[in-house]
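Visitor: So that you have it, the file is coords.cif, and it contains mmCIF, C-alpha atoms (C1' of nucleotides):
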```cif
data_upload
loop_
_atom_site.label_atom_id
_atom_site.label_comp_id
_atom_site.auth_asym_id
_atom_site.auth_seq_id
_atom_site.Cartn_x
_atom_site.Cartn_y
_atom_site.Cartn_z
CA MET A 1 -45.33 13.32 -31.01
CA GLU A 2 -46.63 11.54 -27.92
CA LYS A 3 -44.60 10.97 -24.82
CA ALA A 4 -43.71 7.34 -24.45
CA LEU A 5 -44.98 5.47 -21.44
CA TYR A 6 -42.74 2.74 -20.13
CA LEU A 7 -43.47 -0.14 -17.78
CA ASN A 8 -40.40 0.70 -15.72
CA GLU A 9 -36.89 2.09 -16.03
CA PHE A 10 -35.55 -1.17 -17.41
CA ASP A 11 -38.19 -1.20 -20.08
CA ALA A 12 -37.39 2.42 -20.88
CA THR A 13 -33.72 1.70 -21.52
CA LEU A 14 -34.55 -1.38 -23.48
CA GLN A 15 -36.98 0.32 -25.78
CA ILE A 16 -34.33 2.90 -26.53
CA ILE A 17 -31.50 0.49 -27.37
CA GLN A 18 -33.75 -2.13 -28.86
CA GLY A 19 -33.91 -2.31 -32.59
CA LYS A 20 -32.22 -4.81 -34.80
CA TRP A 21 -29.29 -2.60 -35.83
CA LYS A 22 -29.08 0.09 -33.18
CA VAL A 23 -26.11 -1.24 -31.25
CA LEU A 24 -24.17 -1.76 -34.44
CA ILE A 25 -24.89 1.85 -35.36
CA LEU A 26 -23.93 3.20 -31.94
CA TYR A 27 -20.69 1.23 -31.74
CA GLU A 28 -19.65 2.13 -35.26
CA ILE A 29 -20.24 5.83 -34.70
CA HIS A 30 -18.59 5.63 -31.30
CA GLU A 31 -15.42 4.11 -32.72
CA SER A 32 -15.16 6.37 -35.73
CA GLY A 33 -16.45 9.54 -34.11
CA CYS A 34 -18.70 10.40 -37.01
CA ARG A 35 -20.36 8.55 -39.88
CA ARG A 36 -22.42 9.31 -42.94
CA PHE A 37 -25.58 7.49 -43.89
CA GLY A 38 -23.87 5.63 -46.72
CA ASP A 39 -20.99 4.57 -44.48
CA LEU A 40 -23.38 2.96 -42.02
CA LYS A 41 -25.34 1.31 -44.80
CA GLN A 42 -22.18 -0.22 -46.19
CA TYR A 43 -20.85 -1.24 -42.79
CA ILE A 44 -23.98 -3.05 -41.70
CA GLN A 45 -24.69 -4.50 -45.13
CA ASP A 46 -27.81 -6.48 -44.30
CA VAL A 47 -29.94 -3.53 -43.27
CA SER A 48 -32.52 -2.15 -45.66
CA HIS A 49 -32.46 1.47 -46.65
CA LYS A 50 -35.74 2.30 -45.01
CA THR A 51 -34.98 0.47 -41.80
CA LEU A 52 -31.62 2.17 -41.38
CA THR A 53 -33.34 5.52 -41.80
CA ARG A 54 -35.89 4.72 -39.15
CA GLN A 55 -33.40 3.37 -36.64
CA LEU A 56 -31.35 6.54 -37.05
CA ARG A 57 -34.45 8.70 -36.56
CA GLU A 58 -35.37 6.88 -33.38
CA LEU A 59 -31.86 7.14 -32.00
CA GLU A 60 -31.94 10.83 -32.79
CA GLN A 61 -35.34 11.33 -31.17
CA ASP A 62 -34.17 9.51 -28.06
CA GLY A 63 -31.27 11.91 -27.85
CA LEU A 64 -28.45 9.44 -28.50
CA LEU A 65 -27.39 10.74 -31.90
CA SER A 66 -27.04 14.17 -33.40
CA ARG A 67 -27.67 14.63 -37.09
CA LYS A 68 -25.89 17.23 -39.15
CA VAL A 69 -27.14 18.04 -42.63
CA TYR A 70 -24.87 19.79 -45.11
CA PRO A 71 -26.95 21.81 -47.57
CA GLU A 72 -25.19 20.49 -50.64
CA VAL A 73 -26.09 18.64 -53.80
CA PRO A 74 -25.86 15.72 -53.53
CA PRO A 75 -26.88 15.76 -49.86
CA LYS A 76 -24.46 14.91 -47.09
CA VAL A 77 -25.56 13.89 -43.63
CA GLU A 78 -23.32 13.10 -40.70
CA TYR A 79 -24.24 11.32 -37.50
CA SER A 80 -22.36 11.53 -34.22
CA LEU A 81 -22.97 10.54 -30.62
CA THR A 82 -24.41 12.97 -28.12
CA GLU A 83 -23.29 13.07 -24.52
CA ARG A 84 -26.18 10.85 -23.63
CA GLY A 85 -25.24 8.48 -26.41
CA ARG A 86 -21.73 8.20 -25.04
CA SER A 87 -23.07 7.51 -21.56
CA LEU A 88 -24.77 4.44 -22.94
CA ILE A 89 -21.61 2.78 -24.22
CA PRO A 90 -20.53 1.26 -20.85
CA VAL A 91 -24.00 -0.24 -20.49
CA LEU A 92 -23.78 -1.78 -23.94
CA ASP A 93 -20.32 -3.09 -23.12
CA LEU A 94 -21.59 -4.91 -20.05
CA ILE A 95 -24.43 -6.44 -22.00
CA CYS A 96 -21.95 -7.64 -24.61
CA ASP A 97 -19.66 -9.07 -21.95
CA TRP A 98 -22.43 -11.12 -20.47
CA GLY A 99 -23.43 -12.38 -23.89
CA LEU A 100 -19.89 -13.45 -24.73
CA GLN A 101 -19.57 -15.33 -21.46
CA ASN A 102 -22.92 -17.05 -21.63
CA VAL A 103 -23.59 -17.82 -25.26
CA PRO A 104 -21.39 -20.06 -27.44
CA LYS A 105 -19.70 -18.09 -30.21
CA THR A 106 -20.94 -20.62 -32.70
CA GLN A 107 -24.37 -19.11 -32.22
CA LEU A 108 -23.19 -15.61 -33.05
CA GLN A 109 -23.23 -14.34 -36.60
CA ARG A 110 -20.91 -11.50 -35.71
CA VAL A 111 -18.84 -10.56 -32.66
CA LEU A 112 -18.84 -6.92 -31.62
CA CYS A 113 -16.54 -6.80 -28.61
CA GLU A 114 -13.76 -9.31 -29.10
CA GLU A 115 -11.66 -9.39 -25.96
CA ASP A 116 -9.34 -12.18 -24.86
CA MET B 117 -35.51 -27.65 -30.28
CA GLU B 118 -33.36 -25.58 -32.59
CA LYS B 119 -30.30 -23.70 -31.54
CA ALA B 120 -30.92 -20.00 -31.64
CA LEU B 121 -28.82 -17.91 -33.98
CA TYR B 122 -28.04 -14.40 -32.82
CA LEU B 123 -26.79 -11.40 -34.75
CA ASN B 124 -24.12 -10.79 -32.13
CA GLU B 125 -23.43 -11.12 -28.41
CA PHE B 126 -25.47 -8.06 -27.61
CA ASP B 127 -28.43 -9.42 -29.49
CA ALA B 128 -27.99 -12.73 -27.69
CA THR B 129 -28.22 -11.14 -24.25
CA LEU B 130 -31.11 -8.99 -25.32
CA GLN B 131 -33.16 -11.82 -26.67
CA ILE B 132 -32.68 -13.61 -23.37
CA ILE B 133 -33.70 -10.74 -21.08
CA GLN B 134 -36.26 -9.30 -23.45
CA GLY B 135 -39.84 -10.09 -22.78
CA LYS B 136 -42.41 -7.81 -21.28
CA TRP B 137 -42.27 -9.27 -17.77
CA LYS B 138 -38.94 -11.07 -17.56
CA VAL B 139 -37.06 -8.50 -15.51
CA LEU B 140 -39.92 -8.22 -13.05
CA ILE B 141 -39.84 -12.00 -12.68
CA LEU B 142 -36.08 -12.14 -12.26
CA TYR B 143 -35.95 -9.34 -9.70
CA GLU B 144 -38.83 -10.70 -7.68
CA ILE B 145 -37.31 -14.16 -7.49
CA HIS B 146 -33.90 -12.70 -6.77
CA GLU B 147 -35.19 -10.71 -3.82
CA SER B 148 -37.32 -13.45 -2.34
CA GLY B 149 -35.06 -16.37 -3.18
CA CYS B 150 -37.90 -18.51 -4.42
CA ARG B 151 -41.41 -17.95 -5.76
CA ARG B 152 -44.41 -20.02 -6.83
CA PHE B 153 -46.33 -19.45 -10.02
CA GLY B 154 -49.26 -17.92 -8.19
CA ASP B 155 -47.02 -15.57 -6.23
CA LEU B 156 -45.55 -14.19 -9.42
CA LYS B 157 -48.95 -13.88 -11.03
CA GLN B 158 -50.22 -11.90 -8.08
CA TYR B 159 -47.10 -9.75 -7.86
CA ILE B 160 -47.09 -8.73 -11.50
CA GLN B 161 -50.87 -8.38 -11.72
CA ASP B 162 -51.18 -7.27 -15.31
CA VAL B 163 -49.67 -10.36 -16.86
CA SER B 164 -51.93 -12.96 -18.42
CA HIS B 165 -51.80 -16.54 -17.25
CA LYS B 166 -50.54 -17.88 -20.52
CA THR B 167 -47.94 -15.20 -21.02
CA LEU B 168 -46.49 -15.70 -17.55
CA THR B 169 -46.16 -19.39 -18.28
CA ARG B 170 -44.33 -18.73 -21.50
CA GLN B 171 -41.95 -16.18 -20.04
CA LEU B 172 -41.08 -18.63 -17.27
CA ARG B 173 -40.48 -21.40 -19.81
CA GLU B 174 -38.16 -19.23 -21.82
CA LEU B 175 -36.22 -18.13 -18.78
CA GLU B 176 -35.89 -21.76 -17.80
CA GLN B 177 -34.77 -22.82 -21.26
CA ASP B 178 -32.18 -20.06 -21.32
CA GLY B 179 -30.81 -21.37 -18.04
CA LEU B 180 -31.70 -18.42 -15.83
CA LEU B 181 -34.35 -20.13 -13.73
CA SER B 182 -34.70 -23.56 -12.25
CA ARG B 183 -38.14 -25.05 -11.88
CA LYS B 184 -39.03 -27.46 -9.11
CA VAL B 185 -42.26 -29.39 -9.30
CA TYR B 186 -43.74 -30.94 -6.16
CA PRO B 187 -45.79 -34.03 -7.10
CA GLU B 188 -48.81 -33.01 -5.07
CA VAL B 189 -52.47 -32.30 -5.64
CA PRO B 190 -53.03 -29.47 -6.15
CA PRO B 191 -49.73 -28.94 -7.96
CA LYS B 192 -46.98 -26.79 -6.49
CA VAL B 193 -44.19 -25.34 -8.58
CA GLU B 194 -41.32 -23.25 -7.32
CA TYR B 195 -38.98 -21.07 -9.33
CA SER B 196 -35.52 -19.95 -8.26
CA LEU B 197 -32.51 -18.33 -9.91
CA THR B 198 -29.67 -20.41 -11.27
CA GLU B 199 -26.06 -19.31 -11.01
CA ARG B 200 -26.34 -17.87 -14.48
CA GLY B 201 -29.51 -16.08 -13.51
CA ARG B 202 -27.75 -14.46 -10.58
CA SER B 203 -24.88 -13.39 -12.83
CA LEU B 204 -27.35 -11.38 -14.83
CA ILE B 205 -28.54 -9.22 -11.95
CA PRO B 206 -25.67 -6.69 -12.09
CA VAL B 207 -26.31 -6.25 -15.79
CA LEU B 208 -29.98 -5.57 -15.16
CA ASP B 209 -29.04 -3.14 -12.41
CA LEU B 210 -26.88 -1.10 -14.74
CA ILE B 211 -29.62 -1.00 -17.35
CA CYS B 212 -32.05 0.23 -14.69
CA ASP B 213 -29.59 2.86 -13.50
CA TRP B 214 -29.25 4.31 -16.95
CA GLY B 215 -33.00 4.35 -17.39
CA LEU B 216 -33.54 6.19 -14.12
CA GLN B 217 -30.96 8.79 -15.03
CA ASN B 218 -32.17 9.38 -18.55
CA VAL B 219 -35.92 9.03 -18.52
CA PRO B 220 -38.30 11.22 -16.48
CA LYS B 221 -40.03 9.23 -13.76
CA THR B 222 -43.33 10.60 -14.95
CA GLN B 223 -42.98 8.32 -17.94
CA LEU B 224 -42.53 5.22 -15.81
CA GLN B 225 -45.52 3.18 -14.72
CA ARG B 226 -43.48 1.45 -12.04
CA VAL B 227 -40.01 1.92 -10.58
CA LEU B 228 -37.94 -1.19 -9.94
CA CYS B 229 -34.72 0.11 -8.44
CA GLU B 230 -35.47 3.13 -6.33
CA GLU B 231 -32.20 4.59 -5.09
CA ASP B 232 -31.62 8.08 -3.84
"C1'" DC C 233 -27.06 10.70 -51.63
"C1'" DG C 234 -30.36 10.47 -48.41
"C1'" DG C 235 -35.31 10.21 -47.32
"C1'" DT C 236 -40.31 8.95 -47.80
"C1'" DA C 237 -44.53 6.03 -48.88
"C1'" DT C 238 -46.90 1.68 -49.53
"C1'" DC C 239 -47.47 -2.92 -48.78
"C1'" DC C 240 -46.54 -7.25 -46.55
"C1'" DA C 241 -44.49 -11.09 -43.50
"C1'" DT C 242 -43.42 -12.33 -38.98
"C1'" DA C 243 -43.16 -12.42 -33.83
"C1'" DG C 244 -44.86 -11.13 -29.27
"C1'" DC C 245 -48.41 -10.76 -26.20
"C1'" DG C 246 -53.40 -10.92 -24.59
"C1'" DA C 247 -58.28 -13.04 -24.09
"C1'" DT C 248 -60.55 -16.95 -23.48
"C1'" DA C 249 -61.55 -21.58 -22.68
"C1'" DC C 250 -60.26 -26.22 -21.38
"C1'" DT C 251 -57.27 -29.98 -18.63
"C1'" DG C 252 -55.02 -32.97 -14.80
"C1'" DC D 253 -52.81 -24.59 -8.80
"C1'" DA D 254 -50.42 -24.73 -12.84
"C1'" DG D 255 -50.36 -25.59 -17.73
"C1'" DT D 256 -52.06 -25.92 -22.69
"C1'" DA D 257 -54.65 -24.64 -27.12
"C1'" DT D 258 -56.78 -21.44 -30.27
"C1'" DC D 259 -57.41 -17.10 -32.04
"C1'" DG D 260 -56.57 -12.31 -32.88
"C1'" DC D 261 -54.25 -7.78 -32.45
"C1'" DT D 262 -50.21 -4.91 -32.94
"C1'" DA D 263 -45.37 -3.60 -33.63
"C1'" DT D 264 -41.13 -4.29 -36.11
"C1'" DG D 265 -38.68 -4.63 -40.04
"C1'" DG D 266 -38.02 -5.94 -45.09
"C1'" DA D 267 -39.05 -5.09 -50.43
"C1'" DT D 268 -39.92 -1.92 -53.61
"C1'" DA D 269 -40.64 2.32 -55.81
"C1'" DC D 270 -40.45 7.21 -56.01
"C1'" DC D 271 -38.69 12.19 -54.55
"C1'" DG D 272 -35.50 16.45 -53.71
#
```
Render the structure in this file as structure tokens.
Guide:
Amino acid sequence: MEKALYLNEFDATLQIIQGKWKVLILYEIHESGCRRFGDLKQYIQDVSHKTLTRQLRELEQDGLLSRKVYPEVPPKVEYSLTERGRSLIPVLDLICDWGLQNVPKTQLQRVLCEED
Amino acid sequence: MEKALYLNEFDATLQIIQGKWKVLILYEIHESGCRRFGDLKQYIQDVSHKTLTRQLRELEQDGLLSRKVYPEVPPKVEYSLTERGRSLIPVLDLICDWGLQNVPKTQLQRVLCEED
DNA sequence: CGGTATCCATAGCGATACTG
DNA sequence: CAGTATCGCTATGGATACCG
């Protein structure tokens, strides 16, 4: 696997959190502590099987998630946040805040961080 | 022009700040107060003429930049941050911070927010 | 249940050339 | 000097089918 080359530190962070469903995944795991593949699939609904797999792989490779496989039949896989993953949550929160304050809710399909 | 529809407030913010050169543009204008098209082109170097134009248009349409055209020959156009644009700077700063702390500098082509 | 492989549609950006 | 138009490349993600 090649080392990624980023334009700058902003670009680096962005490439790591960027991905259609990644924030949903991170928040859901953060709130529940630990989730299985099927849980995430059901929670997000609109994500395809293959895409969810790839987003999870990328989050794992970037060191935000840890993946635990139970050697059972049928398979069981659990995802949880790493320390680095947890350190990202405040950043995501700020991004969400700004979005809520600057974009009309009518343009949002879903609201992640309701706060009145 | 259609209203954008975003997955959520995070996605909304991301779509607005996302774009290969947008942060460079925003920071440069923020630090200098005001920049012309040619200044930005020269500062960023690697950006193509057309792409710079489009990124500026999008930033303008999203209300982060204001564009002032001087009716002269040759043309003169100045870009500056709007109030909303300025409100975004702390968010960008936090994103940069996280990137600096979590990605080796050897993987960065350029560093935006040097801070020791 | 969770993962992989193949194929395809779409969006973002770049190269280039042309305009007022 | 600043902007527009056309074309092409590449990356992301979705549909589908198959595997352990």
Visitor: Taking 3 positions as the minimum chain separation for residues in the same chain, which residues sit within 9 Å of Glu199 in chain B when counting only C-alpha atoms (C1' of nucleotides)? Answer as a list in words.
Guide: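 Non-adjacent residues within range: Gly179, Leu180, Leu181, Arg202, Ser203 and Leu204 of chain B.
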Visitor: Where does chain A meet chain C within 12 Å, residue by residue, with the nearest atom pair and distance in Å to one decimal for each, counting all atoms listed in the file, listed by chain and rising number, as a tab-separated table?
Guide:
```
residue	atom	partner	partner_atom	distance
A:Arg36	CA	C:DG234	C1'	9.7
A:Phe37	CA	C:DG234	C1'	7.2
A:Gly38	CA	C:DC233	C1'	7.7
A:Asp39	CA	C:DC233	C1'	11.2
A:Lys41	CA	C:DG234	C1'	11.1
A:His49	CA	C:DG235	C1'	9.2
A:Lys50	CA	C:DG235	C1'	8.3
A:Thr51	CA	C:DG235	C1'	11.2
A:Leu52	CA	C:DG235	C1'	10.7
A:Thr53	CA	C:DG235	C1'	7.5
A:Arg54	CA	C:DG235	C1'	9.9
A:Leu56	CA	C:DG235	C1'	11.6
A:Arg57	CA	C:DG235	C1'	10.9
A:Val69	CA	C:DG234	C1'	10.1
A:Tyr70	CA	C:DG234	C1'	11.3
A:Pro71	CA	C:DC233	C1'	11.8
A:Glu72	CA	C:DC233	C1'	10.0
A:Val73	CA	C:DC233	C1'	8.3
A:Pro74	CA	C:DC233	C1'	5.5
A:Pro75	CA	C:DC233	C1'	5.4
A:Lys76	CA	C:DC233	C1'	6.7
A:Val77	CA	C:DG234	C1'	7.6
A:Glu78	CA	C:DG234	C1'	10.8
```
Visitor: How would you write, as a PDB file with C-alpha atoms, in the coordinates of the input, the residues chosen by the PyMOL selection byres ((chain A) within 10 of (chain B)) on this structure?
Guide:
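Wrote it out as selection.pdb, contents follow:
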```
ATOM      1  CA  LYS A   3     -44.600  10.970 -24.820  1.00  0.00           C
ATOM      2  CA  ALA A   4     -43.710   7.340 -24.450  1.00  0.00           C
ATOM      3  CA  LEU A   5     -44.980   5.470 -21.440  1.00  0.00           C
ATOM      4  CA  TYR A   6     -42.740   2.740 -20.130  1.00  0.00           C
ATOM      5  CA  LEU A   7     -43.470  -0.140 -17.780  1.00  0.00           C
ATOM      6  CA  ASN A   8     -40.400   0.700 -15.720  1.00  0.00           C
ATOM      7  CA  GLU A   9     -36.890   2.090 -16.030  1.00  0.00           C
ATOM      8  CA  PHE A  10     -35.550  -1.170 -17.410  1.00  0.00           C
ATOM      9  CA  ASP A  11     -38.190  -1.200 -20.080  1.00  0.00           C
ATOM     10  CA  ALA A  12     -37.390   2.420 -20.880  1.00  0.00           C
ATOM     11  CA  THR A  13     -33.720   1.700 -21.520  1.00  0.00           C
ATOM     12  CA  LEU A  14     -34.550  -1.380 -23.480  1.00  0.00           C
ATOM     13  CA  GLN A  15     -36.980   0.320 -25.780  1.00  0.00           C
ATOM     14  CA  ILE A  16     -34.330   2.900 -26.530  1.00  0.00           C
ATOM     15  CA  ILE A  17     -31.500   0.490 -27.370  1.00  0.00           C
ATOM     16  CA  GLN A  18     -33.750  -2.130 -28.860  1.00  0.00           C
ATOM     17  CA  GLY A  19     -33.910  -2.310 -32.590  1.00  0.00           C
ATOM     18  CA  LYS A  20     -32.220  -4.810 -34.800  1.00  0.00           C
ATOM     19  CA  TRP A  21     -29.290  -2.600 -35.830  1.00  0.00           C
ATOM     20  CA  VAL A  23     -26.110  -1.240 -31.250  1.00  0.00           C
ATOM     21  CA  LEU A  24     -24.170  -1.760 -34.440  1.00  0.00           C
ATOM     22  CA  ASP A  62     -34.170   9.510 -28.060  1.00  0.00           C
ATOM     23  CA  GLY A  63     -31.270  11.910 -27.850  1.00  0.00           C
ATOM     24  CA  ARG A  84     -26.180  10.850 -23.630  1.00  0.00           C
ATOM     25  CA  SER A  87     -23.070   7.510 -21.560  1.00  0.00           C
ATOM     26  CA  LEU A  88     -24.770   4.440 -22.940  1.00  0.00           C
ATOM     27  CA  PRO A  90     -20.530   1.260 -20.850  1.00  0.00           C
ATOM     28  CA  VAL A  91     -24.000  -0.240 -20.490  1.00  0.00           C
ATOM     29  CA  LEU A  92     -23.780  -1.780 -23.940  1.00  0.00           C
ATOM     30  CA  ASP A  93     -20.320  -3.090 -23.120  1.00  0.00           C
ATOM     31  CA  LEU A  94     -21.590  -4.910 -20.050  1.00  0.00           C
ATOM     32  CA  ILE A  95     -24.430  -6.440 -22.000  1.00  0.00           C
ATOM     33  CA  CYS A  96     -21.950  -7.640 -24.610  1.00  0.00           C
ATOM     34  CA  ASP A  97     -19.660  -9.070 -21.950  1.00  0.00           C
ATOM     35  CA  TRP A  98     -22.430 -11.120 -20.470  1.00  0.00           C
ATOM     36  CA  GLY A  99     -23.430 -12.380 -23.890  1.00  0.00           C
ATOM     37  CA  LEU A 100     -19.890 -13.450 -24.730  1.00  0.00           C
ATOM     38  CA  GLN A 101     -19.570 -15.330 -21.460  1.00  0.00           C
ATOM     39  CA  ASN A 102     -22.920 -17.050 -21.630  1.00  0.00           C
ATOM     40  CA  VAL A 103     -23.590 -17.820 -25.260  1.00  0.00           C
ATOM     41  CA  PRO A 104     -21.390 -20.060 -27.440  1.00  0.00           C
ATOM     42  CA  LYS A 105     -19.700 -18.090 -30.210  1.00  0.00           C
ATOM     43  CA  THR A 106     -20.940 -20.620 -32.700  1.00  0.00           C
ATOM     44  CA  GLN A 107     -24.370 -19.110 -32.220  1.00  0.00           C
ATOM     45  CA  LEU A 108     -23.190 -15.610 -33.050  1.00  0.00           C
ATOM     46  CA  GLN A 109     -23.230 -14.340 -36.600  1.00  0.00           C
ATOM     47  CA  ARG A 110     -20.910 -11.500 -35.710  1.00  0.00           C
ATOM     48  CA  VAL A 111     -18.840 -10.560 -32.660  1.00  0.00           C
ATOM     49  CA  LEU A 112     -18.840  -6.920 -31.620  1.00  0.00           C
ATOM     50  CA  CYS A 113     -16.540  -6.800 -28.610  1.00  0.00           C
ATOM     51  CA  GLU A 114     -13.760  -9.310 -29.100  1.00  0.00           C
TER      52      GLU A 114
END
```
Visitor: One decimal, Å: what's the distance from CA of Val47 in chain A over to C1' of DT264 in chain D, could you say?
Guide: 13.3 Å
Visitor: Just the number, please: distance in Å from CA of Glu174 in chain B to CA of Asp46 in chain A, one decimal.
Guide: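 About the pair CA of Glu174 in chain B and CA of Asp46 in chain A: they are 27.8 Å apart.
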Visitor: Around all the atoms of range 73-83 of chain A listed in the file, with 5 Å of room on each side, what axis-aligned box do you get, giving centre and edge lengths in Å to one decimal, as lines of an AutoDock Vina configuration file?
Guide:
```
center_x = -24.6
center_y = 14.6
center_z = -39.2
size_x = 14.5
size_y = 18.1
size_z = 39.3
```
Visitor: Using CA of Ile205 in chain B and CA of Leu175 in chain B as the two end points, give the distance in Å to one decimal.
Guide: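 Taking CA of Ile205 in chain B and CA of Leu175 in chain B, their separation equals 13.6 Å.
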Visitor: Applied to this file, what does the PyMOL selection byres ((chain D) within 12 of (chain B)) return in terms of residues, put as a list in words?
Guide: DC253, DA254, DG255, DT256 and DA257 of chain D
Visitor: Using only C-alpha atoms (C1' of nucleotides), can you tell me which of A:Ser32, A:Gln61, A:Ser48, A:Gln42 comes closest to DA267 in chain D?
Guide: A:Ser48
Visitor: I'd like the neighbourhood of Ser80 in chain A as a list in words, where a residue qualifies if any of its atoms comes within 7 Å (using all atoms listed in the file), though same-chain residues fewer than 3 positions away should be ignored.
Guide: Ile29, Gly33, Cys34, Arg35, Leu65, Ser66 and Arg67 of chain A
Visitor: Please write the residues from the selection above to a file, keeping C-alpha atoms, as a PDB file, keeping the file's coordinate frame.
Guide:
```
ATOM      1  CA  ILE A  29     -20.240   5.830 -34.700  1.00  0.00           C
ATOM      2  CA  GLY A  33     -16.450   9.540 -34.110  1.00  0.00           C
ATOM      3  CA  CYS A  34     -18.700  10.400 -37.010  1.00  0.00           C
ATOM      4  CA  ARG A  35     -20.360   8.550 -39.880  1.00  0.00           C
ATOM      5  CA  LEU A  65     -27.390  10.740 -31.900  1.00  0.00           C
ATOM      6  CA  SER A  66     -27.040  14.170 -33.400  1.00  0.00           C
ATOM      7  CA  ARG A  67     -27.670  14.630 -37.090  1.00  0.00           C
TER       8      ARG A  67
END
```
Visitor: Please provide the set of residues having any atom within 8 Å of Leu142 in chain B, restricted to all atoms listed in the file, with same-chain residues fewer than 4 positions apart removed, written as a PDB file with C-alpha atoms, keeping the file's coordinate frame.
Guide:
```
ATOM      1  CA  LYS B 138     -38.940 -11.070 -17.560  1.00  0.00           C
ATOM      2  CA  HIS B 146     -33.900 -12.700  -6.770  1.00  0.00           C
ATOM      3  CA  LEU B 197     -32.510 -18.330  -9.910  1.00  0.00           C
ATOM      4  CA  GLY B 201     -29.510 -16.080 -13.510  1.00  0.00           C
TER       5      GLY B 201
END
```
